Amino acid sequence: MAELSLRKYQEEVVQPALEGKNIIIWLPTGGGKTRAAVYVAKRHLETKPRAKVAVLVNKVHLVDQHYSKEFNPCLGRQYNVLNISGDSVHKDFFSKVVCDNDVVICTAQILENALQSTEEDKHVKLTDFSLLIIDECHHTHKESVYNKIMERYVESKLEGERGLPQVLGLTASLGTGGMRTLEKATEHVLQICANLDATAIMSSKEHVGELQKNVPKPMKRYDIVARRQKDPFGDHLKKMMHIIHDFMEVEGISRDFGTQDYEAEVVLLEKTGAVQKNRRVAQCALHLRRYNDALLINDTVRMVDAFSVLDEFYCSKRESRTGLDATDVFLFRLFREHKNKLQTLASQAQFENPKLSKLEHTLLEQFGEKRGSRGILFSKTRKGTQCLHDWVCANGRLQAAGIRAAILTGSGNLANCMSQNEQKQTISLFRSGVLNLLVSTSIAEEGLDIPECNLVVRYGLLTNEIAMQQASGRARAGDSVYSVVAQAGGREVNRERTNEYLEELTGKAIAEVQRMAPQEFRKRVGELQREALIARRLAELKAEGKRGLYQAAGVRLCCRLCNAPVANGHEIQTIDGAHYVNVNPDFKSHYRLGGQIVLPRTFEDWRPGRKVSCAKCGQEWGMEMIYKDVPLPNIAIKNFVLETPGGRMTIKKWKDVCFRVEEFQYSKYCYRNFPNLFSGSDLGSS
């Protein structure tokens, strides 16, 4: 077993946890929060009869990291330690796994699913555990999975249930919750304490010098770029957007192209057009958003990347679209007539994005001068990471400097997500030095522990103070650099400066909470817990009332693109509360099947089929879901407009629909649709 010892500042912050109290450990990134948690877990296992520890993380790659780097090396010889993620078969027998192991490390979603499950092999209760360790516990608020778990905990506590587990939260920053004053920021910190049922926030007071010595901060610098003097490619895109605006004939709409504010405005405009059956407005707004995306990409990476995004959009729409009307003809013709001009402008190197030159210089400073350098380049979107990765691989100077880059993005059920195994492999190659640059979304901000990493670059990002601190903490090596590459006077610099202020404000708010008298602290935490419970129950009543607002048979689903009525609400049923399928066999006349969907993971009872699109206009609706060998159209509500007795509306998520959706019954469906399988049987008579 690996030797398990703590530094003085770690011993200081774990003390109340060793006494069985619920606490939050607040240490900077690299301060050894996980090692402190392992120590608490070990003492807990040694001293508490029938102890059972759950270690919860919010990112899949952290499951393996915590298991292989900390918990298993330190505890594995004495105790049964198991790691479980979405790709693991163990999640399907979670109840038995918990019984057979002393320490279980998993994503919070796996525990939440097990708490909700009614299946004997999966279901667990919070009282099955004696210690919950919650990594990155600042996420325990609002609708996060952490908070859903802790809502159960707090409600059980308020109802007087005994045997609830001890809770240990770990964080480098509790943040201010978007608050800008000390009073409001303090209230946010208290709310996190209430959500975690914490009795204290522990940070080092007596051994700050040792902490600072062992957790050096990277050198932060702003690599500022002068504004682009000329941007003929971007100017031409804006010219085309003006033409679309004039054709759309809508007054009062901003023309502040290439901004997030403009994007929000056209998203709302498309929704308004869809609800009002104004197809011209809806389609123009949809296309304007794509032009705006291209402008944002042009401002971040290469002109050719921006052109490719727009070109791919029109190619995909042209392949799927049927029954074009005058609006479609206008929009497609506009792009076709300007396509060659855009392509020519995108190839003019003298007008290329100056941020890329600054980024190249920043990377070469580290990788050109220091052998063995490793870095992480953060970008906002998956598309941004792809474009930056392509640029790095195509850049001769960066390749000559020995940069070996790979993309790291989040996992999920979407076709463009990385699989969990792909994530693990990429991180492993980065740890070993086979790769030396990760081009990543926010997935790598939290918890990724690579001691050799000496460069972090935040490129074109607008995030909060927590993300800033977390990203900075990825630079662990001595003499490391934290670089913000941004345009002079741009929003990125202003946001980063604001984040620095908010980071300082967070520290002041935590200090305010730590100074509170214990009785006052407990009283305020209790008040916040009761207020949250009342608010949640009122919200549940409101949601339940909304779900029963209309009869399902009285709600009609219309294609969002062509307005064709294609289904009624009573035809929709849900599988496991997560998938919404149309069970009417006649629905197939309204859609056509496209290419096979390939997802980065497998599922217990179903597999993906082919893409499902509107037969009339080609609007993508969802995909086939092959559930126990029965093909069902699994559709996304965001691709439809609801016609209700109270008017037309759009909904983003099925959970917000205004009618009740019945649970899918497999045997009943098969009996009705495949009666020959059941001749002479009474299986479906119920």
# chains A, B, ... in the order shown; residues from 1 in each chain; ligands from 1
$ residues_around --residues "Ala406 in chain A" --least-positions-apart "6" --cutoff "9 Å" --atoms "only C-alpha atoms" --output "PyMOL selection string"
chain A and resi 389+426+430+435-440
$ select_by_dssp --residues "range 291-507 of chain A" --states "strand (DSSP E)" --output "ChimeraX atom specification"
/A:375-378,405-408,437-440,455-459,481-487
$ select_by_dssp --residues "range 529-600 of chain A" --states "alpha helix (DSSP H)" --output "short mmCIF file (atom, residue, chain, number, x, y, z; two decimals) with N, CA and C atoms, in the first residue's frame"
data_model
loop_
_atom_site.label_atom_id
_atom_site.label_comp_id
_atom_site.auth_asym_id
_atom_site.auth_seq_id
_atom_site.Cartn_x
_atom_site.Cartn_y
_atom_site.Cartn_z
N GLN A 529 -32.03 25.71 4.03
CA GLN A 529 -32.46 24.35 3.68
C GLN A 529 -33.98 24.25 3.63
N ARG A 530 -34.64 24.83 4.63
CA ARG A 530 -36.11 24.79 4.64
C ARG A 530 -36.70 25.61 3.51
N GLU A 531 -36.11 26.77 3.23
CA GLU A 531 -36.58 27.60 2.12
C GLU A 531 -36.43 26.87 0.79
N ALA A 532 -35.31 26.18 0.61
CA ALA A 532 -35.06 25.45 -0.64
C ALA A 532 -36.06 24.32 -0.80
N LEU A 533 -36.38 23.62 0.30
CA LEU A 533 -37.35 22.53 0.23
C LEU A 533 -38.73 23.04 -0.14
N ILE A 534 -39.15 24.15 0.45
CA ILE A 534 -40.45 24.72 0.13
C ILE A 534 -40.49 25.16 -1.33
N ALA A 535 -39.43 25.84 -1.79
CA ALA A 535 -39.37 26.31 -3.18
C ALA A 535 -39.42 25.15 -4.15
N ARG A 536 -38.73 24.05 -3.81
CA ARG A 536 -38.72 22.88 -4.69
C ARG A 536 -40.10 22.24 -4.79
N ARG A 537 -40.79 22.13 -3.65
CA ARG A 537 -42.12 21.53 -3.67
C ARG A 537 -43.12 22.39 -4.42
N LEU A 538 -43.00 23.70 -4.27
CA LEU A 538 -43.88 24.60 -5.03
C LEU A 538 -43.61 24.47 -6.53
N ALA A 539 -42.32 24.36 -6.90
CA ALA A 539 -41.96 24.21 -8.31
C ALA A 539 -42.49 22.89 -8.86
N GLU A 540 -42.45 21.83 -8.05
CA GLU A 540 -42.97 20.54 -8.49
C GLU A 540 -44.48 20.60 -8.72
N LEU A 541 -45.19 21.30 -7.82
CA LEU A 541 -46.64 21.47 -7.99
C LEU A 541 -46.95 22.25 -9.26
N LYS A 542 -46.17 23.30 -9.50
CA LYS A 542 -46.37 24.10 -10.70
C LYS A 542 -46.11 23.29 -11.96
N ALA A 543 -45.03 22.50 -11.94
CA ALA A 543 -44.69 21.67 -13.10
C ALA A 543 -45.76 20.61 -13.35
N GLU A 544 -46.26 20.02 -12.26
CA GLU A 544 -47.30 19.01 -12.40
C GLU A 544 -48.58 19.64 -12.97
N GLY A 545 -48.89 20.84 -12.50
CA GLY A 545 -50.05 21.54 -13.05
C GLY A 545 -49.89 21.86 -14.52
N LYS A 546 -48.67 22.23 -14.90
CA LYS A 546 -48.40 22.53 -16.31
C LYS A 546 -48.53 21.30 -17.18
N ARG A 547 -48.05 20.15 -16.67
CA ARG A 547 -48.14 18.91 -17.44
C ARG A 547 -49.59 18.50 -17.68
#
$ closest_residue --among "A:Cys559, A:Gly594, A:Lys616, A:Asn113" --to "Ile637 in chain A" --atoms "only C-alpha atoms"
A:Cys559
$ residues_around --residues "Gly30 in chain A" --least-positions-apart "3" --cutoff "8 Å" --atoms "only C-alpha atoms" --output "PDB file with all heavy atoms, in the first residue's frame"
ATOM      1  N   LYS A  33      -6.334  18.156  -2.381  1.00  0.00           N
ATOM      2  CA  LYS A  33      -7.664  17.900  -1.809  1.00  0.00           C
ATOM      3  C   LYS A  33      -8.009  16.414  -1.884  1.00  0.00           C
ATOM      4  O   LYS A  33      -8.580  15.852  -0.942  1.00  0.00           O
ATOM      5  CB  LYS A  33      -8.729  18.709  -2.563  1.00  0.00           C
ATOM      6  CG  LYS A  33      -8.607  20.209  -2.406  1.00  0.00           C
ATOM      7  CD  LYS A  33      -9.702  20.938  -3.130  1.00  0.00           C
ATOM      8  CE  LYS A  33      -9.600  20.799  -4.638  1.00  0.00           C
ATOM      9  NZ  LYS A  33      -8.391  21.428  -5.194  1.00  0.00           N
ATOM     10  N   VAL A 215       2.248  24.847  -3.491  1.00  0.00           N
ATOM     11  CA  VAL A 215       1.301  25.083  -4.592  1.00  0.00           C
ATOM     12  C   VAL A 215       1.652  26.412  -5.256  1.00  0.00           C
ATOM     13  O   VAL A 215       0.963  27.418  -5.062  1.00  0.00           O
ATOM     14  CB  VAL A 215      -0.163  25.097  -4.088  1.00  0.00           C
ATOM     15  CG1 VAL A 215      -1.123  25.121  -5.272  1.00  0.00           C
ATOM     16  CG2 VAL A 215      -0.445  23.900  -3.202  1.00  0.00           C
ATOM     17  N   ASP A 449      -5.078  16.144 -13.541  1.00  0.00           N
ATOM     18  CA  ASP A 449      -3.825  16.289 -12.797  1.00  0.00           C
ATOM     19  C   ASP A 449      -2.655  15.778 -13.626  1.00  0.00           C
ATOM     20  O   ASP A 449      -2.395  14.586 -13.707  1.00  0.00           O
ATOM     21  CB  ASP A 449      -3.929  15.509 -11.477  1.00  0.00           C
ATOM     22  CG  ASP A 449      -2.673  15.651 -10.629  1.00  0.00           C
ATOM     23  OD1 ASP A 449      -1.861  16.548 -10.930  1.00  0.00           O
ATOM     24  OD2 ASP A 449      -2.508  14.873  -9.685  1.00  0.00           O
ATOM     25  N   GLY A 473      -5.226  26.235 -12.641  1.00  0.00           N
ATOM     26  CA  GLY A 473      -4.686  25.156 -11.829  1.00  0.00           C
ATOM     27  C   GLY A 473      -4.179  23.962 -12.606  1.00  0.00           C
ATOM     28  O   GLY A 473      -3.530  23.073 -12.050  1.00  0.00           O
ATOM     29  N   ARG A 476       0.773  22.892 -13.566  1.00  0.00           N
ATOM     30  CA  ARG A 476       1.306  22.397 -12.296  1.00  0.00           C
ATOM     31  C   ARG A 476       2.833  22.465 -12.211  1.00  0.00           C
ATOM     32  O   ARG A 476       3.384  22.424 -11.124  1.00  0.00           O
ATOM     33  CB  ARG A 476       0.857  20.941 -12.093  1.00  0.00           C
ATOM     34  CG  ARG A 476      -0.648  20.742 -12.046  1.00  0.00           C
ATOM     35  CD  ARG A 476      -1.229  21.243 -10.733  1.00  0.00           C
ATOM     36  NE  ARG A 476      -2.658  21.045 -10.633  1.00  0.00           N
ATOM     37  CZ  ARG A 476      -3.233  19.945 -10.165  1.00  0.00           C
ATOM     38  NH1 ARG A 476      -2.491  18.935  -9.773  1.00  0.00           N
ATOM     39  NH2 ARG A 476      -4.544  19.860 -10.081  1.00  0.00           N
TER      40      ARG A 476
END
$ residues_around --residues "range 167-180 of chain A" --least-positions-apart "5" --cutoff "9 Å" --atoms "only C-alpha atoms" --output "PyMOL selection string"
chain A and resi 17+20-31+33-34+37+40+130-139+185-189+192+196-198+464-466+469-470+502-503+505-507+509-510
$ write_last_selection --atoms "C-alpha atoms" --output "PDB file, in the first residue's frame"
ATOM      1  CA  ALA A  17     -14.011  15.438   9.026  1.00  0.00           C
ATOM      2  CA  GLY A  20     -17.402  12.790  11.640  1.00  0.00           C
ATOM      3  CA  LYS A  21     -18.569  16.306  10.728  1.00  0.00           C
ATOM      4  CA  ASN A  22     -19.857  17.403   7.327  1.00  0.00           C
ATOM      5  CA  ILE A  23     -17.397  19.940   5.917  1.00  0.00           C
ATOM      6  CA  ILE A  24     -16.189  21.570   2.722  1.00  0.00           C
ATOM      7  CA  ILE A  25     -12.430  21.510   2.127  1.00  0.00           C
ATOM      8  CA  TRP A  26     -11.369  24.637   0.247  1.00  0.00           C
ATOM      9  CA  LEU A  27      -7.825  24.380  -1.092  1.00  0.00           C
ATOM     10  CA  PRO A  28      -6.325  25.725  -4.323  1.00  0.00           C
ATOM     11  CA  THR A  29      -5.877  23.448  -7.327  1.00  0.00           C
ATOM     12  CA  GLY A  30      -2.805  21.342  -6.725  1.00  0.00           C
ATOM     13  CA  GLY A  31      -3.246  21.633  -2.958  1.00  0.00           C
ATOM     14  CA  LYS A  33      -7.664  17.900  -1.809  1.00  0.00           C
ATOM     15  CA  THR A  34      -8.020  14.363  -3.177  1.00  0.00           C
ATOM     16  CA  ALA A  37     -10.101  12.926   1.060  1.00  0.00           C
ATOM     17  CA  VAL A  40     -10.403  10.845   5.643  1.00  0.00           C
ATOM     18  CA  SER A 130     -21.593   6.062   5.596  1.00  0.00           C
ATOM     19  CA  LEU A 131     -19.437   8.657   3.781  1.00  0.00           C
ATOM     20  CA  LEU A 132     -20.071  10.678   0.611  1.00  0.00           C
ATOM     21  CA  ILE A 133     -17.059  12.445  -0.888  1.00  0.00           C
ATOM     22  CA  ILE A 134     -18.158  15.039  -3.446  1.00  0.00           C
ATOM     23  CA  ASP A 135     -15.427  16.263  -5.777  1.00  0.00           C
ATOM     24  CA  GLU A 136     -15.738  19.772  -7.285  1.00  0.00           C
ATOM     25  CA  CYS A 137     -18.584  20.350  -4.834  1.00  0.00           C
ATOM     26  CA  HIS A 138     -19.147  23.954  -5.960  1.00  0.00           C
ATOM     27  CA  HIS A 139     -21.445  22.376  -8.566  1.00  0.00           C
ATOM     28  CA  ALA A 185     -21.637  36.477  -2.623  1.00  0.00           C
ATOM     29  CA  THR A 186     -21.715  35.512   1.062  1.00  0.00           C
ATOM     30  CA  GLU A 187     -25.319  34.385   0.657  1.00  0.00           C
ATOM     31  CA  HIS A 188     -24.260  32.214  -2.299  1.00  0.00           C
ATOM     32  CA  VAL A 189     -21.504  30.569  -0.235  1.00  0.00           C
ATOM     33  CA  ILE A 192     -23.691  25.929  -1.061  1.00  0.00           C
ATOM     34  CA  LEU A 196     -24.086  20.167   1.223  1.00  0.00           C
ATOM     35  CA  ASP A 197     -25.347  20.241   4.834  1.00  0.00           C
ATOM     36  CA  ALA A 198     -21.868  21.465   5.767  1.00  0.00           C
ATOM     37  CA  ASN A 464     -16.694  32.759 -14.922  1.00  0.00           C
ATOM     38  CA  GLU A 465     -14.194  33.042 -12.083  1.00  0.00           C
ATOM     39  CA  ILE A 466     -14.442  29.354 -11.192  1.00  0.00           C
ATOM     40  CA  GLN A 469      -9.226  29.376 -11.414  1.00  0.00           C
ATOM     41  CA  GLN A 470      -9.725  25.785 -12.495  1.00  0.00           C
ATOM     42  CA  LEU A 502     -14.731  37.894  -8.425  1.00  0.00           C
ATOM     43  CA  GLU A 503     -12.011  35.470  -7.325  1.00  0.00           C
ATOM     44  CA  LEU A 505     -14.643  38.512  -3.734  1.00  0.00           C
ATOM     45  CA  THR A 506     -15.099  34.744  -3.299  1.00  0.00           C
ATOM     46  CA  GLY A 507     -12.264  34.687  -0.781  1.00  0.00           C
ATOM     47  CA  ALA A 509     -17.252  35.874   1.153  1.00  0.00           C
ATOM     48  CA  ILE A 510     -15.777  32.601   2.468  1.00  0.00           C
TER      49      ILE A 510
END
$ residues_around --residues "Met240 in chain A" --least-positions-apart "3" --cutoff "12 Å" --atoms "only C-alpha atoms" --output "ChimeraX atom specification"
/A:233-237,243-247,255,257,284,287-288,290-292,295,330-339,341-342
